[in-house]
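Asks: Contents of my_file_4.cif (mmCIF, C-alpha atoms and all ligand atoms) are given next:
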data_start
#
loop_
_atom_site.label_atom_id
_atom_site.label_comp_id
_atom_site.auth_asym_id
_atom_site.auth_seq_id
_atom_site.Cartn_x
_atom_site.Cartn_y
_atom_site.Cartn_z
CA MET J 1 7.97 17.25 6.68
CA VAL J 2 7.02 14.80 9.45
CA GLN J 3 6.38 16.76 12.62
CA GLN J 4 5.74 13.81 14.86
CA SER J 5 7.62 10.55 15.28
CA MET J 6 6.29 7.92 12.95
CA GLU J 7 7.27 4.31 12.24
CA LEU J 8 6.30 1.24 10.25
CA VAL J 9 5.05 -1.55 12.50
CA VAL J 10 4.10 -5.16 11.94
CA PRO J 11 0.31 -5.41 12.37
CA SER J 12 -0.51 -6.78 15.81
CA LEU J 13 -3.55 -7.55 17.93
CA ASP J 14 -2.84 -4.77 20.41
CA ARG J 15 -3.11 -2.20 17.58
CA LEU J 16 -6.04 -3.81 15.80
CA ASP J 17 -8.75 -1.68 17.46
CA ALA J 18 -7.15 1.46 16.06
CA TYR J 19 -7.10 -0.06 12.58
CA ALA J 20 -10.75 -1.17 12.83
CA ASP J 21 -11.70 2.34 14.02
CA ALA J 22 -10.06 3.79 10.91
CA LEU J 23 -12.06 1.40 8.70
CA ARG J 24 -15.27 2.50 10.47
CA ARG J 25 -14.31 6.15 9.93
CA GLY J 26 -14.04 5.71 6.16
CA PHE J 27 -10.53 4.40 5.53
CA TRP J 28 -10.07 1.45 3.15
CA SER J 29 -7.05 -0.62 2.24
CA ASP J 30 -8.03 -1.54 -1.30
CA ASN J 31 -8.17 1.51 -3.55
CA THR J 32 -10.01 -0.43 -6.24
CA ARG J 33 -12.72 -2.08 -4.12
CA ARG J 34 -12.89 0.72 -1.53
CA GLU J 35 -15.94 0.56 0.83
CA ALA J 36 -16.60 -3.08 -0.08
CA SER J 37 -13.07 -4.01 0.99
CA ALA J 38 -13.45 -2.10 4.29
CA ARG J 39 -16.70 -3.95 5.05
CA GLU J 40 -15.04 -7.28 4.29
CA GLU J 41 -12.08 -6.50 6.51
CA LEU J 42 -14.34 -5.45 9.40
CA ALA J 43 -16.24 -8.73 9.03
CA ALA J 44 -12.97 -10.70 9.01
CA ILE J 45 -11.77 -8.82 12.12
CA ALA J 46 -15.05 -9.56 13.94
CA ALA J 47 -14.91 -13.25 12.95
CA ASP J 48 -11.30 -13.96 13.97
CA PRO J 49 -9.05 -11.04 14.97
CA ALA J 50 -5.88 -13.14 15.29
CA LYS J 51 -6.38 -14.77 11.90
CA PHE J 52 -6.96 -11.37 10.30
CA VAL J 53 -3.77 -9.92 11.78
CA ALA J 54 -1.75 -13.00 10.75
CA SER J 55 -3.07 -12.76 7.18
CA LEU J 56 -1.44 -9.33 6.75
CA ASP J 57 2.07 -10.72 7.12
CA ASP J 58 2.59 -13.41 4.49
CA PRO J 59 6.17 -13.36 3.15
CA GLN J 60 5.94 -17.08 2.33
CA ALA J 61 2.71 -16.64 0.31
CA ARG J 62 0.84 -19.20 2.39
CA GLY J 63 -2.53 -17.47 1.96
CA ALA J 64 -5.27 -18.57 -0.39
CA PRO J 65 -5.00 -17.79 -4.12
CA ILE J 66 -6.16 -14.31 -5.17
CA LYS J 67 -9.56 -14.05 -6.78
CA LEU J 68 -9.65 -11.67 -9.76
CA PRO J 69 -12.70 -9.56 -10.67
CA ASP J 70 -13.51 -11.97 -13.54
CA GLY J 71 -13.76 -14.85 -11.07
CA THR J 72 -10.50 -16.58 -12.03
CA THR J 73 -7.79 -17.13 -9.43
CA VAL J 74 -4.05 -16.51 -9.53
CA LYS J 75 -1.23 -17.65 -7.28
CA ARG J 76 -0.59 -15.35 -4.32
CA LEU J 77 2.81 -13.59 -4.25
CA PRO J 78 4.85 -13.18 -1.08
CA SER J 79 3.53 -10.04 0.58
CA TYR J 80 3.20 -8.14 3.79
CA ARG J 81 1.51 -5.06 5.14
CA ARG J 82 3.02 -2.66 7.61
CA TRP J 83 1.00 -0.12 9.54
CA ILE J 84 2.19 3.48 9.56
CA TRP J 85 2.01 4.41 13.22
CA ASP J 86 2.37 7.76 15.02
CA GLY J 87 0.92 6.52 18.32
CA ASP J 88 -2.28 5.79 16.40
CA PHE J 89 -3.01 4.12 13.08
CA CYS J 90 -2.10 6.48 10.24
CA GLY J 91 -1.80 4.32 7.14
CA ASN J 92 -0.87 1.15 5.27
CA MET J 93 2.31 0.24 3.45
CA ASN J 94 1.86 -2.87 1.30
CA PHE J 95 4.69 -4.77 -0.38
CA ARG J 96 4.51 -7.79 -2.67
CA TRP J 97 7.19 -9.33 -4.85
CA GLN J 98 8.32 -12.38 -6.84
CA PRO J 99 11.42 -14.00 -5.35
CA GLY J 100 14.45 -13.79 -7.62
CA THR J 101 13.11 -11.23 -10.08
CA ALA J 102 11.91 -7.64 -10.18
CA ASP J 103 9.24 -8.65 -12.72
CA LEU J 104 5.62 -8.79 -11.66
CA PRO J 105 2.78 -10.76 -13.21
CA PRO J 106 0.44 -8.59 -15.34
CA THR J 107 -2.27 -8.84 -12.68
CA VAL J 108 -0.06 -7.09 -10.09
CA LEU J 109 0.33 -3.39 -10.84
CA GLY J 110 3.20 -2.54 -8.51
CA HIS J 111 5.49 -3.80 -5.75
CA VAL J 112 4.36 -1.20 -3.26
CA GLY J 113 1.06 0.47 -2.46
CA TYR J 114 0.11 2.78 0.40
CA GLY J 115 -2.73 4.77 1.85
CA VAL J 116 -3.14 7.34 4.61
CA PRO J 117 -6.56 8.12 6.15
CA ALA J 118 -7.97 11.50 5.14
CA TRP J 119 -7.59 12.87 8.69
CA LYS J 120 -3.83 12.05 8.76
CA ARG J 121 -2.83 13.39 5.34
CA ARG J 122 -0.42 16.18 4.38
CA ARG J 123 1.90 15.59 7.31
CA GLY J 124 4.59 13.87 5.21
CA TYR J 125 3.62 10.42 6.48
CA ALA J 126 3.38 8.64 3.11
CA THR J 127 6.66 10.15 1.91
CA ARG J 128 8.48 9.12 5.07
CA ALA J 129 6.82 5.69 5.17
CA LEU J 130 7.95 4.88 1.63
CA ALA J 131 11.49 5.96 2.53
CA LEU J 132 11.37 3.57 5.49
CA GLN J 133 10.07 0.72 3.30
CA LEU J 134 12.72 0.94 0.55
CA PRO J 135 15.58 -0.77 2.47
CA ALA J 136 13.24 -3.68 3.22
CA CYS J 137 12.49 -4.00 -0.52
CA LYS J 138 16.21 -4.00 -1.25
CA ARG J 139 16.76 -6.77 1.31
CA GLU J 140 14.54 -9.03 -0.82
CA GLY J 141 17.15 -8.66 -3.59
CA LEU J 142 15.16 -6.34 -5.82
CA PRO J 143 17.23 -3.91 -7.96
CA HIS J 144 14.19 -1.62 -8.25
CA ILE J 145 10.51 -1.41 -7.39
CA ASP J 146 7.69 -0.39 -9.70
CA LEU J 147 4.64 1.56 -8.56
CA THR J 148 1.57 2.76 -10.41
CA THR J 149 -0.61 5.81 -9.93
CA ASP J 150 -3.65 7.35 -11.53
CA PRO J 151 -2.59 10.26 -13.77
CA ASP J 152 -4.50 12.65 -11.48
CA ASN J 153 -3.05 11.35 -8.19
CA GLU J 154 -0.64 14.22 -7.66
CA ALA J 155 -0.11 13.40 -3.98
CA SER J 156 1.05 9.84 -4.69
CA GLN J 157 3.25 11.00 -7.57
CA LYS J 158 4.95 13.47 -5.21
CA VAL J 159 5.48 10.69 -2.66
CA ILE J 160 7.25 8.64 -5.35
CA THR J 161 9.38 11.43 -6.83
CA ALA J 162 10.41 12.59 -3.33
CA ASN J 163 11.81 9.06 -2.93
CA GLY J 164 13.82 9.16 -6.16
CA GLY J 165 11.18 7.65 -8.43
CA THR J 166 10.96 8.43 -12.13
CA LEU J 167 8.19 7.94 -14.66
CA VAL J 168 8.57 4.80 -16.81
CA GLY J 169 5.49 5.33 -18.93
CA ARG J 170 1.74 5.19 -19.22
CA PHE J 171 -0.32 2.09 -19.86
CA ARG J 172 -3.91 1.02 -19.91
CA SER J 173 -4.92 -1.20 -16.99
CA ASP J 174 -7.74 -3.67 -17.62
CA ALA J 175 -8.25 -4.00 -13.86
CA HIS J 176 -8.81 -0.24 -13.48
CA GLY J 177 -10.31 0.25 -16.94
CA LYS J 178 -8.31 3.44 -17.36
CA GLU J 179 -4.86 4.85 -17.99
CA GLN J 180 -2.23 4.42 -15.31
CA MET J 181 1.28 5.80 -14.85
CA ARG J 182 4.12 3.42 -14.07
CA TRP J 183 6.98 4.67 -11.88
CA ARG J 184 10.28 3.10 -10.88
CA ILE J 185 12.53 3.60 -7.88
CA VAL J 186 16.06 2.18 -8.27
CA LEU J 187 17.20 0.68 -4.96
C1 LIG U 1 -1.40 9.51 -1.66
C2 LIG U 1 -1.41 9.57 -0.13
C3 LIG U 1 -0.93 8.23 0.42
C4 LIG U 1 -0.47 10.69 0.33
O1 LIG U 1 -0.39 10.61 1.74
P1 LIG U 1 0.16 11.83 2.63
O2 LIG U 1 0.67 11.24 3.90
O3 LIG U 1 -0.84 12.90 2.69
O4 LIG U 1 1.39 12.31 1.72
P2 LIG U 1 2.52 13.36 2.17
O5 LIG U 1 2.04 14.13 3.34
O6 LIG U 1 3.79 12.58 2.29
O7 LIG U 1 2.53 14.34 0.93
C5 LIG U 1 3.24 14.07 -0.24
C6 LIG U 1 3.18 15.27 -1.15
O8 LIG U 1 1.91 15.35 -1.78
C7 LIG U 1 1.32 16.61 -1.51
N1 LIG U 1 -0.09 16.39 -1.39
C8 LIG U 1 -0.74 15.75 -0.40
N2 LIG U 1 -2.05 15.71 -0.68
C9 LIG U 1 -2.21 16.33 -1.86
C10 LIG U 1 -3.34 16.61 -2.68
N3 LIG U 1 -4.56 16.21 -2.33
N4 LIG U 1 -3.14 17.28 -3.84
C11 LIG U 1 -1.90 17.66 -4.22
N5 LIG U 1 -0.79 17.42 -3.49
C12 LIG U 1 -0.95 16.77 -2.33
C13 LIG U 1 1.96 17.08 -0.24
O9 LIG U 1 1.89 18.48 -0.12
C14 LIG U 1 3.36 16.62 -0.44
O10 LIG U 1 4.03 17.48 -1.35
P3 LIG U 1 5.40 18.14 -1.01
O11 LIG U 1 6.36 16.98 -0.85
O12 LIG U 1 5.67 18.98 -2.21
O13 LIG U 1 5.19 18.87 0.26
C15 LIG U 1 -2.84 9.88 0.42
O14 LIG U 1 -3.32 11.03 -0.20
C16 LIG U 1 -3.82 8.73 0.19
O15 LIG U 1 -3.91 7.80 0.98
N6 LIG U 1 -4.60 8.80 -0.90
C17 LIG U 1 -5.57 7.75 -1.21
C18 LIG U 1 -4.89 6.43 -1.50
C19 LIG U 1 -3.87 6.55 -2.61
O16 LIG U 1 -4.02 7.31 -3.55
N7 LIG U 1 -2.79 5.76 -2.48
C20 LIG U 1 -1.72 5.71 -3.45
C21 LIG U 1 -2.13 4.85 -4.60
S1 LIG U 1 -0.93 4.95 -5.92
#
Give the structure from this file in structure tokens form.
Ligand SMILES: CC(C)(COP(=O)(O)OP(=O)(O)OC[C@H]1O[C@@H](n2cnc3c(N)ncnc32)[C@H](O)[C@@H]1OP(=O)(O)O)[C@@H](O)C(=O)NCCC(=O)NCCS
Replies:
Amino acid sequence: MVQQSMELVVPSLDRLDAYADALRRGFWSDNTRREASAREELAAIAADPAKFVASLDDPQARGAPIKLPDGTTVKRLPSYRRWIWDGDFCGNMNFRWQPGTADLPPTVLGHVGYGVPAWKRRRGYATRALALQLPACKREGLPHIDLTTDPDNEASQKVITANGGTLVGRFRSDAHGKEQMRWRIVL
């Protein structure tokens, strides 16, 4: 249950310091690349704050192609990040999609991903933030969204089931090198 008012906001320069502080305190946006991704984002913020903020909102997929761990590149999908905000930074909500279809390329594990810094967890923020994101996913014409979790990520699974999600199945992800669970939320 969310005790405090919380919203999803478009990343902006006036809130960037709070985001950078979270990165310095041990938060990261990329659950696969973790600390390395936080270091890269801090470097990008230091180099050009406005460019960094603009890069987080890319519904036209204008950004550079995505580099995969094996060094190959793939076309970027339309995507944007929203910041979960309770007066301070308290998490990321990421959304990416292919226009005109609910399918995703095999390199993209889910439409939506999220993260809440350790010091802001267990307040209902991720559950509420996903609920706030779903109408925006529907507006892109998607009949459903798919999400993936580690089998042991009970918190994320509860976030999904609290938002009407059901388990589609388990699969082996080459990117993660381990089993993943695929979930679906019908919009
Ligand atoms: C998953 C994550 C986003 C949850 O954020 P949160 O804001 O703490 O989630 P909520 O407060 O909405 O809690 C959701 C549910 O999970 C439960 N929960 C939270 N942390 C938990 C934990 N460590 N173990 C078990 N259950 C947990 C909550 O009690 C709540 O259950 P309830 O609805 O029965 O009360 C957060 O733990 C996180 O950022 N983890 C690392 C990144 C990550 O795993 N992202 C998702 C990738 S699929």
Asks: Name each residue within 6 Å of ligand LIG 1 (chain U), counting all atoms listed in the file, as a PyMOL selection string.
Replies: chain J and resi 113-117+121-127+148-149+154-156+158-159
Asks: Given the choices J:Leu23, J:Leu167, J:Ala129, J:Ala46, which gets closest to J:Asp86 if the distance is worked out from all atoms listed in the file?
Replies: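 Looking at the shortest contact to J:Asp86, the residue is J:Ala129.
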Asks: So that I can see what lies close to J:Pro105, please list as number ranges by chain the residues with an atom at most 10 Å from it, counting only C-alpha atoms and leaving out residues fewer than 3 positions away in the same chain.
Replies: J: 74-75, 77, 97-98, 108-110
Asks: Using all atoms listed in the file, collect all residues at a distance of at most 12 Å from (3.9, -22.7, 1.1) as written in the file, then present them as a list in words.
Replies: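 Within the cut-off we find Asp58, Pro59, Gln60, Ala61, Arg62, Gly63, Ala64, Pro65, Lys75, Arg76, Leu77 and Pro78 of chain J.
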Asks: How about saving the chosen residues, C-alpha atoms kept, as an mmCIF file, keeping the file's coordinate frame?
Replies:
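Heads up, here's the output in result_0.cif:
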data_model
loop_
_atom_site.group_PDB
_atom_site.id
_atom_site.type_symbol
_atom_site.label_atom_id
_atom_site.label_comp_id
_atom_site.auth_asym_id
_atom_site.auth_seq_id
_atom_site.Cartn_x
_atom_site.Cartn_y
_atom_site.Cartn_z
ATOM 1 C CA ASP J 58 2.590 -13.410 4.490
ATOM 2 C CA PRO J 59 6.170 -13.360 3.150
ATOM 3 C CA GLN J 60 5.940 -17.080 2.330
ATOM 4 C CA ALA J 61 2.710 -16.640 0.310
ATOM 5 C CA ARG J 62 0.840 -19.200 2.390
ATOM 6 C CA GLY J 63 -2.530 -17.470 1.960
ATOM 7 C CA ALA J 64 -5.270 -18.570 -0.390
ATOM 8 C CA PRO J 65 -5.000 -17.790 -4.120
ATOM 9 C CA LYS J 75 -1.230 -17.650 -7.280
ATOM 10 C CA ARG J 76 -0.590 -15.350 -4.320
ATOM 11 C CA LEU J 77 2.810 -13.590 -4.250
ATOM 12 C CA PRO J 78 4.850 -13.180 -1.080
#
Asks: For atom CA of J:Ala44 and atom CA of J:Arg82, determine how far apart the two atoms are, in Å to one decimal place.
Replies: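 Value for the atom CA of J:Ala44-atom CA of J:Arg82 distance: 18.0 Å.
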Asks: Using only C-alpha atoms, pick whichever of J:Ala102, J:Ser12, J:Thr32, J:Arg182 has the shortest atom-to-atom distance to J:Leu68.
Replies: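 Among J:Ala102, J:Ser12, J:Thr32, J:Arg182, it is J:Thr32 that comes nearest to J:Leu68.
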Asks: So how many Å separate atom CA of J:Glu35 and atom CA of J:Trp183, to one decimal?
Replies: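 Computing it gives 26.5 Å between the two atoms.
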Asks: From the options J:Asp70, J:Asp30, J:Asp57, J:Asp48, which residue's atoms come nearest to J:Val9, counting all atoms listed in the file?
Replies: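 Smallest distance to J:Val9 is found for J:Asp57.
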Asks: Find the residue from J:Thr166, J:Ser79, J:Ser5, J:Ser55 that sits nearest to J:Asn94; use all atoms listed in the file when measuring.
Replies: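 Closest residue, counting all atoms listed in the file: J:Ser79.
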